[in-house]
Amino acid sequence: MINREESHDEIGDNHIGSCAQNPLRKDAFDLSDDEKIESIKKDVKNILLTLGMDLTDDSMKGTPNRVAKMFVKEIFGGLNPDRKPKASTFDNNYKYGEMLVEKNIIVYSTCEHHLLPIIGRAHVAYISNGTVIGLSKMNRIVEYYSKRPQVQERLTMQIVQELQNALGTQDVACVIDAKHLCVNSRGISDIESSTVTSEFGGKFKEAQARREFLDYIKLETKF
């Protein structure tokens with residue numbers, strides 16, 4: 001008989017995602033942020049006490065509250081649709097018809113299997129079909145979908161899908177190169193390895209456009 005707990009551990013240890021969307025319950029937003037913070041604060045306190053930490057120490061007194069606030073308002077803030085950035089678009093009045101690439105966008109996310117950091121860079125590109133988007137909005141879209149318990153493959157797909165919807169074109173691509181601390185700092189403890197994921201839509205599925213995008217990523221940025 002298969003032990004379901006062992007099966008779930010195996011999936012998590014091998015960093016296998018189970019669904020294309022973040023697995024949220026229907027009641028995910030029934031509680032306010034403040035109510036969530038109060039609840040999480042108690043859980044964090046219990047974890048620390050169970051580990052044997054002295055929460056009367058000046059350094060530890062505020063830790064449960066700090067962690068709870070960080071979870072709700074910072075590192076998992078992208079779960080809340082109210083925080084979704086408005087992807088303002090504009091007419092491509094200057095008729096720029098080539099590829100636009102925004103590279104080296106910093107990614108700070110959290111692996112949903114062990115709740116340890118994913119740190120890396122995203123490279124995003126699109127080809128306008130008459131609409132353009134502000135450069136900073138591309139960064140904000142990456143940030144929004146990163147601030148969740150994540151799987152890197154899903155994150156890559158979500159960034160592309162969001163830009164496709166905003167721009168009204170399938171011609172969007174994203175490559176992410178990131179280190180997973182659940183691999184680097186525990187388990188196999190391989191501090192050198194990183195994970196690369198990609199998602200290519202529309203014209204980027206064609207070899208020439210894909211190669212052009214990947215060549216742009218390699219360019220050294222000098223100031």
# chains A, B, ... in the order shown; residues from 1 in each chain; ligands from 1
>>> select_by_dssp(residues="stretch 38-216 of chain A", states="strand (DSSP E)", output="PyMOL selection string")
chain A and resi 89-91+99-111+117-127+131-133+149-150+172-180+195-200
>>> write_last_selection(atoms="N, CA and C atoms", output="short mmCIF file (atom, residue, chain, number, x, y, z; two decimals), in the first residue's frame")
data_model
loop_
_atom_site.label_atom_id
_atom_site.label_comp_id
_atom_site.auth_asym_id
_atom_site.auth_seq_id
_atom_site.Cartn_x
_atom_site.Cartn_y
_atom_site.Cartn_z
N THR A 89 -1.14 49.73 -20.77
CA THR A 89 -0.55 49.60 -22.10
C THR A 89 -0.84 50.85 -22.92
N PHE A 90 -0.04 51.03 -23.99
CA PHE A 90 -0.14 52.22 -24.82
C PHE A 90 -0.04 51.82 -26.29
N ASP A 91 -0.57 52.68 -27.14
CA ASP A 91 -0.43 52.44 -28.58
C ASP A 91 1.04 52.57 -28.98
N MET A 99 11.86 43.16 -31.53
CA MET A 99 11.75 42.56 -30.20
C MET A 99 12.16 43.55 -29.10
N LEU A 100 11.41 43.56 -28.02
CA LEU A 100 11.81 44.32 -26.83
C LEU A 100 12.14 43.33 -25.73
N VAL A 101 13.34 43.49 -25.16
CA VAL A 101 13.81 42.55 -24.14
C VAL A 101 14.12 43.31 -22.86
N GLU A 102 13.55 42.86 -21.77
CA GLU A 102 13.90 43.37 -20.44
C GLU A 102 14.60 42.22 -19.73
N LYS A 103 15.90 42.38 -19.49
CA LYS A 103 16.66 41.27 -18.92
C LYS A 103 17.14 41.59 -17.52
N ASN A 104 17.56 40.55 -16.83
CA ASN A 104 18.12 40.66 -15.48
C ASN A 104 17.14 41.26 -14.47
N ILE A 105 15.86 40.90 -14.59
CA ILE A 105 14.88 41.31 -13.58
C ILE A 105 15.06 40.39 -12.37
N ILE A 106 15.31 40.99 -11.22
CA ILE A 106 15.58 40.19 -10.03
C ILE A 106 14.33 39.43 -9.60
N VAL A 107 14.51 38.15 -9.31
CA VAL A 107 13.43 37.29 -8.81
C VAL A 107 13.73 36.90 -7.36
N TYR A 108 12.82 37.24 -6.48
CA TYR A 108 12.83 36.75 -5.11
C TYR A 108 11.51 36.01 -4.89
N SER A 109 11.58 34.70 -4.82
CA SER A 109 10.38 33.93 -4.60
C SER A 109 10.62 32.91 -3.49
N THR A 110 9.63 32.03 -3.28
CA THR A 110 9.72 31.04 -2.20
C THR A 110 9.24 29.70 -2.72
N CYS A 111 10.07 28.68 -2.57
CA CYS A 111 9.70 27.33 -3.00
C CYS A 111 8.54 26.82 -2.14
N PRO A 117 13.92 30.22 0.08
CA PRO A 117 13.97 31.18 -1.02
C PRO A 117 14.38 30.60 -2.37
N ILE A 118 13.83 31.21 -3.41
CA ILE A 118 14.28 31.06 -4.80
C ILE A 118 14.80 32.44 -5.21
N ILE A 119 16.05 32.50 -5.62
CA ILE A 119 16.67 33.79 -5.94
C ILE A 119 17.32 33.69 -7.32
N GLY A 120 16.95 34.61 -8.21
CA GLY A 120 17.54 34.55 -9.54
C GLY A 120 17.19 35.75 -10.38
N ARG A 121 17.18 35.54 -11.69
CA ARG A 121 16.91 36.62 -12.63
C ARG A 121 15.95 36.13 -13.72
N ALA A 122 15.04 37.01 -14.10
CA ALA A 122 14.11 36.72 -15.19
C ALA A 122 14.47 37.59 -16.39
N HIS A 123 14.33 37.03 -17.56
CA HIS A 123 14.54 37.75 -18.82
C HIS A 123 13.24 37.63 -19.61
N VAL A 124 12.66 38.77 -19.95
CA VAL A 124 11.33 38.80 -20.56
C VAL A 124 11.39 39.57 -21.87
N ALA A 125 10.65 39.08 -22.87
CA ALA A 125 10.63 39.77 -24.16
C ALA A 125 9.24 39.68 -24.79
N TYR A 126 8.95 40.66 -25.66
CA TYR A 126 7.73 40.58 -26.46
C TYR A 126 7.94 41.31 -27.78
N ILE A 127 7.09 40.99 -28.73
CA ILE A 127 7.07 41.67 -30.02
C ILE A 127 5.70 42.33 -30.14
N THR A 131 0.60 47.34 -29.55
CA THR A 131 0.48 47.77 -28.16
C THR A 131 1.82 47.57 -27.45
N VAL A 132 2.17 48.52 -26.58
CA VAL A 132 3.38 48.40 -25.77
C VAL A 132 3.02 48.57 -24.30
N ILE A 133 3.94 48.12 -23.42
CA ILE A 133 3.72 48.21 -21.99
C ILE A 133 4.92 48.89 -21.35
N PRO A 149 4.16 31.26 -2.58
CA PRO A 149 4.80 29.93 -2.59
C PRO A 149 4.75 29.44 -4.03
N GLN A 150 5.92 29.15 -4.61
CA GLN A 150 5.96 28.95 -6.05
C GLN A 150 6.72 27.70 -6.48
N VAL A 172 5.29 36.49 -26.68
CA VAL A 172 5.93 36.82 -25.40
C VAL A 172 6.81 35.64 -25.00
N ALA A 173 7.95 35.94 -24.38
CA ALA A 173 8.85 34.89 -23.92
C ALA A 173 9.44 35.25 -22.56
N CYS A 174 9.81 34.22 -21.81
CA CYS A 174 10.44 34.44 -20.50
C CYS A 174 11.41 33.30 -20.22
N VAL A 175 12.58 33.66 -19.72
CA VAL A 175 13.55 32.69 -19.22
C VAL A 175 13.92 33.09 -17.80
N ILE A 176 13.92 32.14 -16.89
CA ILE A 176 14.33 32.40 -15.51
C ILE A 176 15.49 31.47 -15.15
N ASP A 177 16.52 32.05 -14.58
CA ASP A 177 17.67 31.29 -14.06
C ASP A 177 17.76 31.60 -12.57
N ALA A 178 17.57 30.58 -11.72
CA ALA A 178 17.46 30.86 -10.29
C ALA A 178 18.08 29.74 -9.45
N LYS A 179 18.53 30.14 -8.28
CA LYS A 179 19.00 29.18 -7.29
C LYS A 179 17.87 28.89 -6.30
N HIS A 180 17.72 27.62 -5.93
CA HIS A 180 16.73 27.19 -4.97
C HIS A 180 17.46 26.80 -3.68
N THR A 195 18.61 26.53 -11.57
CA THR A 195 17.56 25.96 -12.41
C THR A 195 17.16 26.97 -13.47
N VAL A 196 17.07 26.53 -14.71
CA VAL A 196 16.66 27.39 -15.82
C VAL A 196 15.33 26.88 -16.38
N THR A 197 14.35 27.78 -16.47
CA THR A 197 13.06 27.44 -17.08
C THR A 197 12.75 28.46 -18.16
N SER A 198 11.94 28.05 -19.13
CA SER A 198 11.59 28.96 -20.22
C SER A 198 10.16 28.71 -20.66
N GLU A 199 9.57 29.76 -21.21
CA GLU A 199 8.24 29.67 -21.82
C GLU A 199 8.25 30.58 -23.04
N PHE A 200 7.95 30.01 -24.21
CA PHE A 200 7.97 30.74 -25.47
C PHE A 200 6.59 30.71 -26.11
#
>>> residues_around(residues="A:Lys84", least_positions_apart="5", cutoff="9 Å", atoms="only C-alpha atoms", output="list in words")
Gly78, Leu79, Arg140, Ile141, Tyr144 and Tyr145 of chain A
>>> write_last_selection(atoms="C-alpha atoms", output="PDB file, in the first residue's frame")
ATOM      1  CA  GLY A  78       1.380  38.235  -4.443  1.00  0.00           C
ATOM      2  CA  LEU A  79      -1.340  35.770  -3.479  1.00  0.00           C
ATOM      3  CA  ARG A 140       6.179  44.537 -11.326  1.00  0.00           C
ATOM      4  CA  ILE A 141       4.511  41.570 -13.022  1.00  0.00           C
ATOM      5  CA  TYR A 144       3.815  40.041  -8.198  1.00  0.00           C
ATOM      6  CA  TYR A 145       3.864  36.419  -9.331  1.00  0.00           C
TER       7      TYR A 145
END
>>> closest_residue(among="A:His113, A:Glu98, A:Arg66, A:Ser185", to="A:Phe213", atoms="only C-alpha atoms")
A:Glu98
>>> atom_distance(atom1="atom CA of A:Thr63", atom2="atom CA of A:Asp34")
16.3 Å
